[in-house]
$ cat final35.tsv   # TSV, C-alpha atoms
chain	number	residue	atom	x	y	z
A	6	MET	CA	132.81	-27.52	-199.65
A	7	THR	CA	131.52	-29.14	-196.46
A	8	PRO	CA	131.33	-26.63	-193.64
A	9	ARG	CA	134.17	-26.90	-191.17
A	10	GLN	CA	133.66	-27.95	-187.58
A	11	CYS	CA	134.80	-25.99	-184.57
A	12	LEU	CA	134.73	-27.32	-181.01
A	13	ILE	CA	134.54	-24.64	-178.31
A	14	VAL	CA	135.75	-25.69	-174.85
A	15	ASP	CA	135.16	-23.36	-171.91
A	16	PRO	CA	133.44	-23.66	-168.53
A	17	SER	CA	131.75	-20.30	-169.10
A	18	LYS	CA	128.49	-20.38	-171.05
A	19	ILE	CA	128.92	-16.70	-171.91
A	20	ILE	CA	132.38	-17.20	-173.36
A	21	ARG	CA	131.20	-20.22	-175.33
A	22	ARG	CA	128.36	-18.12	-176.76
A	23	ILE	CA	130.73	-15.31	-177.76
A	24	HIS	CA	133.05	-17.76	-179.54
A	25	ARG	CA	130.09	-19.46	-181.22
A	26	GLN	CA	128.70	-16.20	-182.57
A	27	ILE	CA	132.06	-15.20	-184.00
A	28	VAL	CA	133.04	-18.55	-185.46
A	29	GLU	CA	129.57	-19.31	-186.86
A	30	SER	CA	129.72	-15.99	-188.69
A	31	PHE	CA	132.74	-17.37	-190.53
A	32	GLY	CA	130.67	-20.33	-191.74
A	33	PHE	CA	131.75	-22.97	-189.24
A	34	ILE	CA	129.48	-25.44	-187.50
A	35	CYS	CA	130.17	-25.17	-183.77
A	36	ARG	CA	129.89	-27.64	-180.96
A	37	GLU	CA	130.45	-26.81	-177.31
A	38	ALA	CA	132.01	-28.58	-174.37
A	39	GLU	CA	132.08	-27.33	-170.77
A	40	ASN	CA	135.21	-29.16	-169.78
A	41	GLY	CA	138.15	-31.25	-171.03
A	42	GLU	CA	136.49	-34.64	-170.56
A	43	ASP	CA	133.40	-33.64	-172.58
A	44	ALA	CA	135.71	-32.17	-175.21
A	45	LEU	CA	137.63	-35.44	-175.55
A	46	ALA	CA	134.35	-37.34	-175.88
A	47	ALA	CA	133.18	-34.92	-178.57
A	48	CYS	CA	136.46	-35.42	-180.46
A	49	ARG	CA	136.13	-39.19	-180.31
A	50	ASP	CA	132.62	-38.83	-181.72
A	51	LEU	CA	133.70	-36.54	-184.54
A	52	MET	CA	137.13	-34.93	-184.75
A	53	PRO	CA	136.61	-31.21	-185.44
A	54	ASN	CA	138.68	-29.12	-187.85
A	55	VAL	CA	139.73	-26.76	-185.06
A	56	ILE	CA	139.37	-26.45	-181.30
A	57	ILE	CA	139.22	-23.24	-179.30
A	58	SER	CA	139.81	-23.99	-175.64
A	59	ASP	CA	140.29	-22.26	-172.31
A	60	TRP	CA	143.51	-23.01	-170.40
A	61	HIS	CA	142.53	-23.05	-166.73
A	62	MET	CA	139.66	-25.48	-166.41
A	63	PRO	CA	138.42	-27.41	-163.40
A	64	SER	CA	139.01	-31.20	-163.41
A	65	LEU	CA	140.97	-31.48	-166.68
A	66	SER	CA	143.24	-28.50	-167.31
A	67	GLY	CA	143.96	-27.22	-170.81
A	68	GLY	CA	147.40	-28.79	-170.67
A	69	ASP	CA	146.09	-32.19	-169.61
A	70	PHE	CA	143.35	-31.99	-172.22
A	71	LEU	CA	146.01	-31.34	-174.86
A	72	SER	CA	148.18	-34.29	-173.84
A	73	GLN	CA	145.22	-36.66	-174.01
A	74	PHE	CA	143.84	-35.05	-177.15
A	75	LYS	CA	147.10	-35.55	-179.03
A	76	LYS	CA	146.71	-39.34	-178.74
A	77	LEU	CA	143.37	-39.33	-180.57
A	78	GLU	CA	143.13	-40.34	-184.18
A	79	GLY	CA	143.02	-37.32	-186.48
A	80	ALA	CA	144.32	-34.99	-183.77
A	81	ASP	CA	147.42	-34.16	-185.77
A	82	VAL	CA	145.40	-32.21	-188.34
A	83	CYS	CA	143.19	-30.41	-185.84
A	84	PRO	CA	144.86	-27.25	-184.47
A	85	VAL	CA	144.07	-26.25	-180.90
A	86	ILE	CA	143.85	-22.54	-180.17
A	87	ILE	CA	144.04	-21.69	-176.48
A	88	CYS	CA	142.03	-18.62	-175.48
A	89	SER	CA	142.68	-17.41	-171.96
A	90	THR	CA	142.86	-14.45	-169.61
A	91	GLU	CA	146.36	-15.63	-168.79
A	92	ASN	CA	148.54	-13.30	-170.81
A	93	ASP	CA	152.02	-13.94	-169.46
A	94	ARG	CA	154.78	-15.36	-171.61
A	95	ALA	CA	155.38	-18.37	-169.34
A	96	THR	CA	151.78	-19.61	-169.63
A	97	ILE	CA	151.73	-19.06	-173.37
A	98	GLU	CA	154.97	-21.03	-173.78
A	99	ARG	CA	153.55	-23.85	-171.65
A	100	ALA	CA	150.43	-23.99	-173.80
A	101	LEU	CA	152.45	-24.09	-177.02
A	102	GLN	CA	154.74	-26.75	-175.60
A	103	ALA	CA	151.71	-28.80	-174.54
A	104	GLY	CA	150.68	-28.82	-178.20
A	105	ALA	CA	148.55	-25.74	-178.82
A	106	GLN	CA	149.17	-24.14	-182.23
A	107	GLU	CA	147.99	-20.68	-181.38
A	108	TYR	CA	147.06	-18.56	-178.39
A	109	ILE	CA	144.52	-15.78	-177.93
A	110	MET	CA	144.82	-13.47	-174.93
A	111	LYS	CA	141.54	-12.13	-173.57
A	112	PRO	CA	140.07	-9.62	-174.29
A	113	PHE	CA	139.78	-10.49	-177.95
A	114	ASP	CA	137.54	-9.58	-180.85
A	115	ALA	CA	136.28	-11.19	-184.05
A	116	HIS	CA	139.27	-9.86	-186.04
A	117	ILE	CA	141.73	-11.62	-183.75
A	118	VAL	CA	139.81	-14.91	-183.88
A	119	ARG	CA	139.66	-14.64	-187.66
A	120	ASP	CA	143.39	-13.98	-187.94
A	121	LYS	CA	144.18	-17.03	-185.79
A	122	LEU	CA	141.84	-19.27	-187.82
A	123	VAL	CA	143.59	-18.09	-191.00
A	124	GLN	CA	147.05	-18.59	-189.49
A	125	THR	CA	146.23	-22.14	-188.44
A	126	ARG	CA	144.98	-22.68	-191.99
A	127	VAL	CA	141.49	-23.80	-191.06
A	128	MET	CA	140.08	-20.81	-192.83
A	129	ASP	CA	140.98	-19.08	-196.10
A	130	ALA	CA	142.19	-15.51	-195.89
O	17	MET	CA	127.60	21.05	-188.46
O	18	ASN	CA	126.27	23.71	-190.82
O	19	THR	CA	127.54	23.68	-194.39
O	20	ARG	CA	129.68	26.82	-194.09
O	21	ASP	CA	131.49	25.48	-191.03
O	22	PHE	CA	131.97	22.09	-192.60
O	23	ASP	CA	133.31	23.66	-195.78
O	24	SER	CA	135.81	25.72	-193.81
O	25	ILE	CA	137.21	22.64	-192.14
O	26	ALA	CA	137.09	20.54	-195.31
O	27	THR	CA	138.87	23.24	-197.32
O	28	TYR	CA	141.61	23.45	-194.71
O	29	LEU	CA	142.04	19.66	-194.63
O	30	LYS	CA	142.34	19.67	-198.41
O	31	SER	CA	144.98	22.38	-198.56
O	32	ALA	CA	147.05	21.15	-195.63
O	33	ALA	CA	146.89	17.43	-196.15
O	34	GLY	CA	145.19	16.71	-199.47
O	35	LEU	CA	142.35	15.02	-197.61
O	36	SER	CA	139.06	14.87	-199.40
O	37	VAL	CA	136.27	14.74	-196.82
O	38	THR	CA	132.63	14.90	-197.72
O	39	GLN	CA	129.95	15.54	-195.15
O	40	ASP	CA	128.28	12.16	-195.60
O	41	LYS	CA	131.54	10.35	-194.88
O	42	ALA	CA	132.71	12.58	-192.03
O	43	TYR	CA	130.71	10.96	-189.23
O	44	TRP	CA	133.67	8.96	-188.04
O	45	PHE	CA	135.82	11.94	-187.27
O	46	TYR	CA	133.27	14.08	-185.43
O	47	PRO	CA	134.02	12.27	-182.14
O	48	ARG	CA	137.69	13.02	-182.66
O	49	LEU	CA	136.92	16.69	-183.37
O	50	ASN	CA	135.06	16.77	-180.05
O	51	THR	CA	138.34	15.83	-178.38
O	52	VAL	CA	139.96	18.82	-180.09
O	53	LEU	CA	137.13	21.06	-178.78
O	54	ARG	CA	137.84	20.00	-175.21
O	55	ARG	CA	141.57	20.42	-175.59
O	56	PHE	CA	141.21	24.00	-176.80
O	57	SER	CA	138.24	24.86	-174.55
O	58	LEU	CA	135.87	25.52	-177.43
O	59	ASN	CA	132.14	25.14	-177.03
O	60	ASP	CA	131.11	23.63	-180.30
O	61	LEU	CA	132.17	22.74	-183.82
O	62	SER	CA	131.11	26.20	-185.04
O	63	GLU	CA	133.74	27.78	-182.81
O	64	LEU	CA	136.25	25.22	-184.09
O	65	ALA	CA	135.43	26.13	-187.69
O	66	GLU	CA	135.92	29.80	-186.82
O	67	GLN	CA	139.36	29.01	-185.36
O	68	VAL	CA	140.24	27.12	-188.53
O	69	ARG	CA	139.16	30.13	-190.62
O	70	LEU	CA	141.28	32.49	-188.49
O	71	ALA	CA	144.22	30.10	-188.95
O	72	GLU	CA	146.15	31.66	-186.06
O	73	ASN	CA	146.66	28.66	-183.80
O	74	ASP	CA	149.07	26.19	-185.41
O	75	ASN	CA	148.57	23.62	-182.66
O	76	LEU	CA	144.83	23.64	-183.20
O	77	LEU	CA	145.19	23.37	-186.97
O	78	HIS	CA	147.59	20.47	-186.51
O	79	GLU	CA	145.15	18.66	-184.21
O	80	VAL	CA	142.32	19.10	-186.68
O	81	VAL	CA	144.42	17.35	-189.34
O	82	GLU	CA	145.39	14.56	-186.93
O	83	ALA	CA	141.72	14.03	-186.10
O	84	ALA	CA	140.87	13.52	-189.75
O	85	LEU	CA	143.54	10.94	-190.53
O	86	ASP	CA	142.43	7.35	-190.85
O	87	THR	CA	145.05	5.61	-188.75
O	88	ASP	CA	143.69	2.07	-188.70
O	89	THR	CA	146.42	-0.48	-189.18
O	90	SER	CA	147.56	-3.85	-187.89
O	91	PHE	CA	150.66	-5.99	-188.29
O	92	MET	CA	149.65	-8.07	-191.22
O	93	ARG	CA	146.39	-6.40	-192.07
O	94	ASP	CA	145.96	-8.43	-195.17
O	95	HIS	CA	147.15	-12.00	-194.85
O	96	THR	CA	147.08	-12.76	-198.57
O	97	PHE	CA	148.97	-9.60	-199.34
O	98	PHE	CA	151.78	-10.36	-196.89
O	99	LYS	CA	151.99	-13.88	-198.23
O	100	THR	CA	152.58	-12.42	-201.70
O	101	VAL	CA	155.24	-10.08	-200.34
O	102	ASP	CA	156.89	-13.04	-198.60
O	103	THR	CA	156.74	-15.60	-201.40
O	104	VAL	CA	156.87	-13.50	-204.59
O	105	LEU	CA	158.03	-9.91	-204.14
O	106	LEU	CA	160.89	-10.31	-201.67
O	107	PRO	CA	162.40	-13.24	-203.62
O	108	ASN	CA	162.16	-11.20	-206.86
O	109	LEU	CA	163.84	-8.21	-205.24
O	110	GLN	CA	166.46	-10.50	-203.75
O	111	LYS	CA	167.35	-11.70	-207.26
O	112	ARG	CA	167.18	-8.20	-208.77
O	113	ASN	CA	169.48	-6.67	-206.17
O	114	ALA	CA	171.77	-9.68	-205.73
O	115	ASP	CA	174.78	-7.59	-206.81
O	116	SER	CA	174.17	-4.49	-204.72
O	117	LYS	CA	172.79	-6.47	-201.74
O	118	LYS	CA	170.72	-3.44	-200.88
O	119	LEU	CA	167.00	-3.25	-200.20
O	120	ARG	CA	165.02	-0.07	-199.50
O	121	LEU	CA	161.34	-0.30	-198.64
O	122	TRP	CA	159.13	2.72	-198.04
O	123	CYS	CA	155.85	2.68	-196.12
O	124	ALA	CA	154.20	5.89	-197.24
O	125	GLY	CA	151.46	6.55	-194.70
O	126	CYS	CA	152.83	4.12	-192.12
O	127	SER	CA	150.53	5.15	-189.24
O	128	SER	CA	151.66	3.51	-185.97
O	129	GLY	CA	154.31	1.42	-187.71
O	130	GLN	CA	152.91	-2.09	-187.74
O	131	GLU	CA	153.29	-2.53	-191.48
O	132	ALA	CA	156.91	-1.37	-191.44
O	133	TYR	CA	157.79	-3.64	-188.53
O	134	ALA	CA	155.88	-6.53	-190.15
O	135	LEU	CA	158.23	-6.14	-193.13
O	136	ALA	CA	161.23	-6.22	-190.81
O	137	LEU	CA	159.89	-9.44	-189.30
O	138	LEU	CA	159.27	-10.94	-192.74
O	139	ILE	CA	162.83	-10.20	-193.77
O	140	HIS	CA	164.04	-11.68	-190.49
O	141	LYS	CA	162.05	-14.81	-191.29
O	142	ASN	CA	163.93	-14.96	-194.59
O	143	ALA	CA	167.22	-14.00	-192.96
O	144	ALA	CA	169.21	-16.62	-194.86
O	145	ASP	CA	168.29	-15.02	-198.20
O	146	PHE	CA	169.30	-11.57	-197.01
O	147	ALA	CA	172.45	-12.36	-195.05
O	148	GLY	CA	174.91	-9.48	-195.28
O	149	TRP	CA	172.40	-7.19	-196.98
O	150	ASN	CA	171.90	-3.51	-196.29
O	151	ILE	CA	168.19	-3.35	-195.45
O	152	GLU	CA	166.41	-0.05	-194.98
O	153	ILE	CA	162.74	0.27	-194.13
O	154	ILE	CA	161.43	3.81	-194.08
O	155	GLY	CA	158.10	4.79	-192.58
O	156	THR	CA	156.56	8.22	-193.09
O	157	ASP	CA	153.23	9.56	-191.95
O	158	LEU	CA	151.56	12.93	-191.66
O	159	SER	CA	150.62	12.27	-188.05
O	160	ALA	CA	153.29	13.11	-185.49
O	161	ALA	CA	151.35	11.15	-182.88
O	162	MET	CA	151.46	8.03	-185.05
O	163	ILE	CA	155.17	8.44	-185.81
O	164	SER	CA	155.88	8.80	-182.11
O	165	GLN	CA	153.95	5.60	-181.40
O	166	ALA	CA	155.75	3.86	-184.27
O	167	GLN	CA	159.14	4.88	-182.92
O	168	SER	CA	158.28	3.47	-179.50
O	169	ALA	CA	157.54	0.08	-181.14
O	170	GLU	CA	155.34	-0.63	-178.17
O	171	TYR	CA	151.88	-1.99	-178.78
O	172	SER	CA	148.82	-3.02	-176.85
O	173	GLN	CA	147.88	-6.62	-176.25
O	174	PHE	CA	145.06	-6.09	-178.70
O	175	ASP	CA	147.28	-4.73	-181.46
O	176	VAL	CA	149.88	-7.50	-181.23
O	177	GLN	CA	147.27	-10.18	-181.69
O	178	ARG	CA	146.06	-8.76	-185.00
O	179	GLY	CA	147.85	-10.65	-187.72
O	180	LEU	CA	150.87	-11.79	-185.70
O	181	PRO	CA	151.39	-15.53	-185.17
O	182	ILE	CA	151.94	-16.23	-181.47
O	183	ARG	CA	155.40	-17.69	-182.06
O	184	LEU	CA	156.51	-14.51	-183.79
O	185	LEU	CA	155.10	-12.45	-180.94
O	186	LEU	CA	157.00	-14.47	-178.33
O	187	ASP	CA	160.24	-14.48	-180.32
O	188	CYS	CA	160.34	-10.87	-181.40
O	189	PHE	CA	158.68	-8.88	-178.63
O	190	ASN	CA	159.34	-8.21	-174.99
O	191	GLN	CA	156.32	-8.23	-172.72
O	192	GLU	CA	155.98	-5.22	-170.46
O	193	GLY	CA	152.84	-5.70	-168.36
O	194	ASP	CA	149.93	-5.56	-170.76
O	195	ARG	CA	152.02	-4.15	-173.56
O	196	TRP	CA	154.50	-5.70	-175.92
O	197	ARG	CA	157.57	-3.96	-177.27
O	198	LEU	CA	159.45	-5.05	-180.38
O	199	LEU	CA	162.98	-6.22	-179.55
O	200	PRO	CA	165.68	-3.68	-180.55
O	201	GLU	CA	167.28	-6.02	-183.08
O	202	PHE	CA	164.12	-5.83	-185.24
O	203	LYS	CA	163.94	-2.07	-185.05
O	204	LYS	CA	167.45	-1.63	-186.38
O	205	SER	CA	166.57	-1.46	-190.04
O	206	VAL	CA	163.46	0.71	-189.57
O	207	THR	CA	163.32	4.51	-189.34
O	208	PHE	CA	160.28	6.74	-189.01
O	209	SER	CA	159.68	10.41	-189.72
O	210	THR	CA	156.77	12.71	-190.30
O	211	GLY	CA	156.11	13.58	-193.91
O	212	ASN	CA	153.35	14.95	-196.07
O	213	LEU	CA	152.74	13.21	-199.38
O	214	LEU	CA	151.59	16.54	-200.81
O	215	ALA	CA	155.04	17.96	-200.22
O	216	ASP	CA	158.24	17.13	-202.06
O	217	PHE	CA	159.51	13.76	-200.88
O	218	SER	CA	162.42	13.39	-203.29
O	219	SER	CA	164.82	13.28	-200.31
O	220	ILE	CA	163.59	9.72	-199.71
O	221	GLY	CA	165.78	8.73	-202.64
O	222	THR	CA	165.30	5.59	-204.71
O	223	VAL	CA	163.36	2.70	-203.20
O	224	ASP	CA	162.65	-0.86	-204.29
O	225	MET	CA	159.11	-1.02	-203.01
O	226	ILE	CA	156.51	1.50	-201.91
O	227	PHE	CA	153.68	0.50	-199.60
O	228	CYS	CA	150.96	3.10	-199.92
O	229	ARG	CA	148.01	1.15	-198.66
O	230	ASN	CA	144.66	2.77	-197.95
O	231	VAL	CA	146.18	6.23	-198.16
O	232	LEU	CA	145.38	7.33	-201.71
O	233	SER	CA	141.65	6.81	-201.21
O	234	SER	CA	141.53	9.83	-198.92
O	235	PHE	CA	142.70	12.04	-201.81
O	236	ASP	CA	140.68	13.31	-204.74
O	237	ALA	CA	141.60	12.27	-208.28
O	238	VAL	CA	143.81	15.30	-209.01
O	239	THR	CA	145.82	14.78	-205.84
O	240	LYS	CA	146.06	11.03	-206.44
O	241	LYS	CA	147.52	11.63	-209.91
O	242	ASP	CA	150.06	14.10	-208.55
O	243	VAL	CA	151.14	11.84	-205.69
O	244	LEU	CA	151.40	8.82	-207.98
O	245	ALA	CA	153.45	10.77	-210.53
O	246	ARG	CA	155.92	11.77	-207.83
O	247	LEU	CA	155.97	8.26	-206.33
O	248	SER	CA	156.95	7.04	-209.80
O	249	GLU	CA	160.06	9.20	-209.61
O	250	ARG	CA	161.27	7.33	-206.51
O	251	VAL	CA	161.70	4.03	-208.31
O	252	GLN	CA	163.53	2.25	-211.11
O	253	PRO	CA	161.74	-0.11	-213.53
O	254	GLY	CA	160.88	-3.38	-211.82
O	255	ALA	CA	160.20	-1.80	-208.43
O	256	TYR	CA	156.88	-2.53	-206.74
O	257	LEU	CA	154.01	-0.40	-205.50
O	258	ALA	CA	151.37	-1.82	-203.18
O	259	ILE	CA	148.08	-0.04	-202.64
O	260	GLY	CA	145.06	-1.02	-200.56
O	261	GLY	CA	142.93	-4.04	-201.44
O	262	THR	CA	139.95	-1.92	-202.43
O	263	GLU	CA	141.92	0.79	-204.20
O	264	SER	CA	142.73	1.09	-207.90
O	265	LEU	CA	145.22	2.97	-210.10
O	266	LEU	CA	142.90	2.88	-213.12
O	267	GLY	CA	142.99	6.15	-215.01
O	268	LEU	CA	145.45	7.72	-212.59
O	269	THR	CA	148.85	6.75	-213.95
O	270	ASP	CA	150.49	4.95	-216.85
O	271	ARG	CA	153.82	4.35	-215.12
O	272	TRP	CA	152.75	1.20	-213.30
O	273	ALA	CA	151.63	-2.22	-214.61
O	274	SER	CA	149.41	-4.44	-212.53
O	275	LEU	CA	150.84	-7.80	-211.55
O	276	PRO	CA	148.86	-10.80	-212.74
O	277	ALA	CA	147.26	-12.75	-209.88
O	278	ALA	CA	148.38	-10.15	-207.31
O	279	ASN	CA	145.58	-7.75	-206.65
O	280	SER	CA	146.72	-4.27	-205.57
O	281	ILE	CA	150.39	-4.77	-206.42
O	282	TYR	CA	152.01	-2.95	-209.35
O	283	GLU	CA	155.39	-3.01	-211.04
O	284	ALA	CA	157.13	0.12	-212.34
O	285	LYS	CA	157.27	0.12	-216.13
O	286	ALA	CA	160.50	0.69	-217.99
$ encode --input "final35.tsv" --output "structure tokens"
Amino acid sequence: MTPRQCLIVDPSKIIRRIHRQIVESFGFICREAENGEDALAACRDLMPNVIISDWHMPSLSGGDFLSQFKKLEGADVCPVIICSTENDRATIERALQAGAQEYIMKPFDAHIVRDKLVQTRVMDA
Amino acid sequence: MNTRDFDSIATYLKSAAGLSVTQDKAYWFYPRLNTVLRRFSLNDLSELAEQVRLAENDNLLHEVVEAALDTDTSFMRDHTFFKTVDTVLLPNLQKRNADSKKLRLWCAGCSSGQEAYALALLIHKNAADFAGWNIEIIGTDLSAAMISQAQSAEYSQFDVQRGLPIRLLLDCFNQEGDRWRLLPEFKKSVTFSTGNLLADFSSIGTVDMIFCRNVLSSFDAVTKKDVLARLSERVQPGAYLAIGGTESLLGLTDRWASLPAANSIYEAKA
């Protein structure tokens, strides 16, 4: 089976590295983007199997990224998992309404990421 | 810890709780025993062992048992397993009990309650199939601390992200700061109480499914056989027993048949 692709979107290099280490350990090939615009460009290049993205980002917010992402070809089969320090119900609802499939509240660990990848069906249990 | 001290504690754990602890596997509960030392102002594990031998302080003895219990759990610890419960076992039980419209599930060794509440949420998800049913989910555990936590139905942000889809979290829990509390309507069918599997548990009555996951492995073979024999008395033929993914009933009982294509789930034989 061809390895699955994960795109990690976060302005923080440290956070991107943490996500990469976890998701690579599950057998995914990871790409990184610092912001929403770079993420959209990466998706146009090659649509990933799953995206893990921050919510509050400078220039293009997570919500705006999602609304533009949804218009891309192949976006409908690529779940977006928002991962954010924002842990209030209102923000989570907004993210889900904007089109995110799942939401991870920081702090998180590898178990949580794994569970969310399984729930969005990009990974077998 | 020297062998004599270790043996004193291990012997006590065996007699009080059926726990089988060997020195090479005990490393994980030494830190917890250190907490007990501080609470009772003891200097070292040798003094603790002496207290266990004297067996005068019930509180201390109780804490030693609590320290040795493996309480790791999460809402849907095993995704595949819960999928089987959802798509195979619950529908089968729904057909079997269609006349009585009664369902009794027992989580034996329920720890902080996530498994029991996960079952309540699963049944809620399948509410149409169980409309008008009398649903009872019973959770028992040796640890009073765990039962207390289970009864509160309040969990940390970390705990509620393990195995719970976000939509289910938002729909079924109330957020209180950094913690999330299960809404009362989902607690209705669930009751918790302390209980020791070594003791008589016939007062539980007859149940349709027993979840005894990752509990039996802390017992030795003799204890496992005894517990399994008495678990068998709590069910009618066709009832289910679920054990942990890495556990096995081989050689321990002939009252249960393994289900094809469902690892760790067994059906009570006629």
$ closest_residue --input "final35.tsv" --among "O:Val52, O:Ile163, O:Ala237, O:Pro253" --to "O:Leu266" --atoms "all atoms listed in the file"
O:Ala237
$ interface_residues --input "final35.tsv" --of "chain A" --to "chain O" --cutoff "10 Å" --atoms "all atoms listed in the file" --output "list of chain:residue names"
A:Asn92, A:Asp93, A:Arg94, A:Ala95, A:Ile97, A:Glu98, A:Leu101, A:Gln106, A:Glu107, A:Tyr108, A:Ile109, A:Met110, A:Lys111, A:Pro112, A:Phe113, A:Asp114, A:His116, A:Ile117, A:Val118, A:Arg119, A:Asp120, A:Lys121, A:Val123, A:Gln124, A:Thr125, A:Asp129, A:Ala130
$ residues_near_point --input "final35.tsv" --point "(151.5, -8.6, -209.1)" --cutoff "12 Å" --atoms "all atoms listed in the file" --output "list in words"
Phe97, Thr100, Val101, Thr103, Val104, Leu105, Asn108, Gly254, Ala255, Tyr256, Leu257, Ala258, Ile259, Trp272, Ala273, Ser274, Leu275, Pro276, Ala277, Ala278, Asn279, Ser280, Ile281, Tyr282, Glu283 and Ala284 of chain O
$ residues_around --input "final35.tsv" --residues "stretch 28-42 of chain O" --least-positions-apart "4" --cutoff "7 Å" --atoms "all atoms listed in the file" --output "CSV table (one decimal) with C-alpha atoms, in the frame of the given file"
chain,number,residue,atom,x,y,z
O,24,SER,CA,135.8,25.7,-193.8
O,46,TYR,CA,133.3,14.1,-185.4
O,81,VAL,CA,144.4,17.4,-189.3
O,212,ASN,CA,153.4,15.0,-196.1
O,214,LEU,CA,151.6,16.5,-200.8
O,234,SER,CA,141.5,9.8,-198.9
O,235,PHE,CA,142.7,12.0,-201.8
O,236,ASP,CA,140.7,13.3,-204.7
O,239,THR,CA,145.8,14.8,-205.8
$ closest_residue --input "final35.tsv" --among "A:Glu37, A:Asp15, A:Glu42, A:Glu29" --to "A:Phe74" --atoms "all atoms listed in the file"
A:Glu42
$ atom_distance --input "final35.tsv" --atom1 "atom CA of O:Pro200" --atom2 "atom CA of O:Leu135"
14.8 Å
$ residues_around --input "final35.tsv" --residues "stretch 122-131 of chain O" --least-positions-apart "3" --cutoff "7 Å" --atoms "only C-alpha atoms" --output "list in words"
Thr87, Thr89, Ser90, Phe91, Met92, Ala134, Leu135, Ile153, Ile154, Gly155, Thr156, Asp157, Met162, Ile163, Gln165, Ala166, Val223, Met225, Ile226, Phe227, Cys228 and Val231 of chain O
